[in-house]
Amino acid sequence: MSRAGDFMASYGFMYSRQQGSMMRGGRTAGDAEVLASCGALGCPVKPREMTMQMHMLHLMYAATDRINLMLMPQIVSMDMTNRMLDGGFYTPVGGHAHGDMDLSGHTTGGFGDTTAAVLINLRRGAGSELHLGLGVSIPTGSVDKKMAHHGGDFMDYGMQTGSGTWDFLPSLTMTGVLGNWSWGGQVSGVIRPNGRNSSGYALGDVFQGTVWSSYRLTRSLSASLRGVYTSQDGIRGQLRGVNEVVDAFGNTTYVRSQHSSTDIAGNYGGRYADLGIGLSFAVPGRESNGDRIALEYLLPVKDHVKGYQLERQGMLVANWNMMF
């Protein structure tokens, strides 16, 4: 926002889904290969489908003509279903065997991490602008969600609602307008300078680059096309368990059972390419305020994953901006 004192509130909703084959690098992997990757502990199941829903409240205030302050809390929920792995098996650890486990799936949800940022307008020229973003991710999400029917152990990394670490969020964004066309590009990152979180691990750093172009079809409606490239490092450390083991020297460790490939830290991260198709239209009666509703569908184009991961199916994003 380019006028001091302006305020914007927006509601965002994101829905993503993974389903289909297990991937190794850029190819599919069968049950025997997935089971072999589980090692001596084994895995009784593998993921069949995972969905995530995220609700975001985006608040922005123009402190000056060139500086905006932003706060974004969020609520996330995730649901995972599994299927039996051909030849799969389970090895109890820590001296505890759980015969009442239901491995068909599990659900989690709650507050995610909260983003606070300052956005600085570095250059405002004829038809284009350049913005610097400096943000921090506050670890308000959880990293100790437990499974009610899996022996009470911690859920896997992807089912936790937060990172558990304070993360630095830099970005550089350029936008422009030329007649009915508008365009933009952004490079951004998630840098995790802290050590491991309270559950024993740290998510990998993220780099993302995106470019887009949109065309104004009518006075109220625009269509857009966007390309996104994301690179995410692997997880550092390992999620601790609830089973306490004391060795001969009195050292205590906390181990966890291995139910699926998602319990292995090496099966996270990779390189991902997506294509986004979007529509944006002015809210009737609020056109003069700049209120808009936007929809975008992101379609996976090419993946090269670390370890073994479930195939991605796409992501739907909706956003409603309200200016005051």
# chains A, B, ... in the order shown; residues from 1 in each chain; ligands from 1
call {"tool": "closest_atom_pairs", "arguments": {"of": "region 218-242 of chain A", "to": "region 259-267 of chain A", "cutoff": "10 Å", "atoms": "only C-alpha atoms", "output": "CSV"}}
result
residue,atom,partner,partner_atom,distance
A:Gly234,CA,A:Gly266,CA,6.5
A:Ile235,CA,A:Ala265,CA,5.7
A:Arg236,CA,A:Ala265,CA,7.7
A:Gly237,CA,A:Ala265,CA,7.6
A:Gln238,CA,A:Ala265,CA,6.1
A:Leu239,CA,A:Ala265,CA,7.8
call {"tool": "write_last_selection", "arguments": {"atoms": "N, CA and C atoms", "output": "PDB file, in the first residue's frame"}}
result
ATOM      1  N   GLY A 234      16.616 -30.947   3.135  1.00  0.00           N
ATOM      2  CA  GLY A 234      16.122 -32.022   3.976  1.00  0.00           C
ATOM      3  C   GLY A 234      16.076 -31.635   5.445  1.00  0.00           C
ATOM      4  N   ILE A 235      15.457 -32.478   6.236  1.00  0.00           N
ATOM      5  CA  ILE A 235      15.319 -32.253   7.676  1.00  0.00           C
ATOM      6  C   ILE A 235      16.644 -32.532   8.373  1.00  0.00           C
ATOM      7  N   ARG A 236      16.985 -31.675   9.325  1.00  0.00           N
ATOM      8  CA  ARG A 236      18.165 -31.880  10.154  1.00  0.00           C
ATOM      9  C   ARG A 236      17.731 -32.483  11.493  1.00  0.00           C
ATOM     10  N   GLY A 237      18.418 -33.499  11.934  1.00  0.00           N
ATOM     11  CA  GLY A 237      18.045 -34.141  13.188  1.00  0.00           C
ATOM     12  C   GLY A 237      16.953 -35.168  12.988  1.00  0.00           C
ATOM     13  N   GLN A 238      16.299 -35.538  14.071  1.00  0.00           N
ATOM     14  CA  GLN A 238      15.283 -36.589  14.024  1.00  0.00           C
ATOM     15  C   GLN A 238      14.247 -36.362  15.109  1.00  0.00           C
ATOM     16  N   LEU A 239      12.996 -36.620  14.764  1.00  0.00           N
ATOM     17  CA  LEU A 239      11.891 -36.473  15.706  1.00  0.00           C
ATOM     18  C   LEU A 239      12.042 -37.476  16.847  1.00  0.00           C
TER      19      LEU A 239
END
call {"tool": "closest_residue", "arguments": {"among": "A:Gly195, A:Pro44, A:Pro284, A:Gly105", "to": "Pro92 (chain A)", "atoms": "only C-alpha atoms"}}
result
A:Pro44
call {"tool": "residues_around", "arguments": {"residues": "region 162-178 of chain A", "least_positions_apart": "4", "cutoff": "8 Å", "atoms": "only C-alpha atoms", "output": "MDAnalysis selection string"}}
result
chainID A and resid 111:113 127:143 182:198 202:203
call {"tool": "write_last_selection", "arguments": {"atoms": "C-alpha atoms", "output": "compact mmCIF listing (two decimals), in the first residue's frame"}}
result
# COMPACT_ATOMS: atom_id res chain seq x y z
CA PHE A 111 -2.60 -23.00 15.20
CA GLY A 112 0.25 -22.84 12.72
CA ASP A 113 3.26 -20.55 12.88
CA GLY A 127 4.73 1.40 -14.28
CA SER A 128 6.88 -0.70 -11.94
CA GLU A 129 7.81 -1.12 -8.27
CA LEU A 130 10.45 -2.99 -6.29
CA HIS A 131 9.77 -4.24 -2.74
CA LEU A 132 11.95 -5.79 -0.06
CA GLY A 133 10.36 -8.04 2.54
CA LEU A 134 11.97 -8.83 5.88
CA GLY A 135 9.94 -11.22 8.00
CA VAL A 136 10.12 -13.69 10.82
CA SER A 137 8.13 -16.85 11.42
CA ILE A 138 7.10 -17.10 15.07
CA PRO A 139 6.82 -20.74 16.26
CA THR A 140 3.22 -20.65 17.49
CA GLY A 141 2.47 -24.03 15.88
CA SER A 142 3.00 -27.40 17.50
CA VAL A 143 5.82 -29.92 17.03
CA SER A 182 0.44 -6.69 -15.33
CA TRP A 183 3.46 -8.77 -14.43
CA GLY A 184 5.73 -9.61 -11.54
CA GLY A 185 8.46 -11.77 -10.14
CA GLN A 186 9.64 -12.71 -6.69
CA VAL A 187 12.48 -14.55 -5.00
CA SER A 188 11.92 -15.57 -1.39
CA GLY A 189 13.30 -17.89 1.24
CA VAL A 190 12.79 -19.53 4.60
CA ILE A 191 16.08 -19.55 6.51
CA ARG A 192 16.18 -21.50 9.76
CA PRO A 193 19.24 -20.20 11.68
CA ASN A 194 18.24 -21.77 14.99
CA GLY A 195 19.23 -25.24 16.12
CA ARG A 196 16.81 -28.11 16.42
CA ASN A 197 13.39 -27.59 17.95
CA SER A 198 12.13 -29.06 21.21
CA ALA A 202 14.73 -28.67 12.23
CA LEU A 203 12.92 -28.42 8.91
call {"tool": "select_by_dssp", "arguments": {"residues": "region 205-320 of chain A", "states": "strand (DSSP E)", "output": "PyMOL selection string"}}
result
chain A and resi 206-216+221-232+236-237+243-246+252-255+270-282+292-320
call {"tool": "closest_residue", "arguments": {"among": "A:Leu217, A:Leu279, A:Ile120, A:Met56", "to": "Trp181 (chain A)", "atoms": "only C-alpha atoms"}}
result
A:Leu217
call {"tool": "atom_distance", "arguments": {"atom1": "CA of Asp205 (chain A)", "atom2": "CA of Asn319 (chain A)"}}
result
25.9 Å
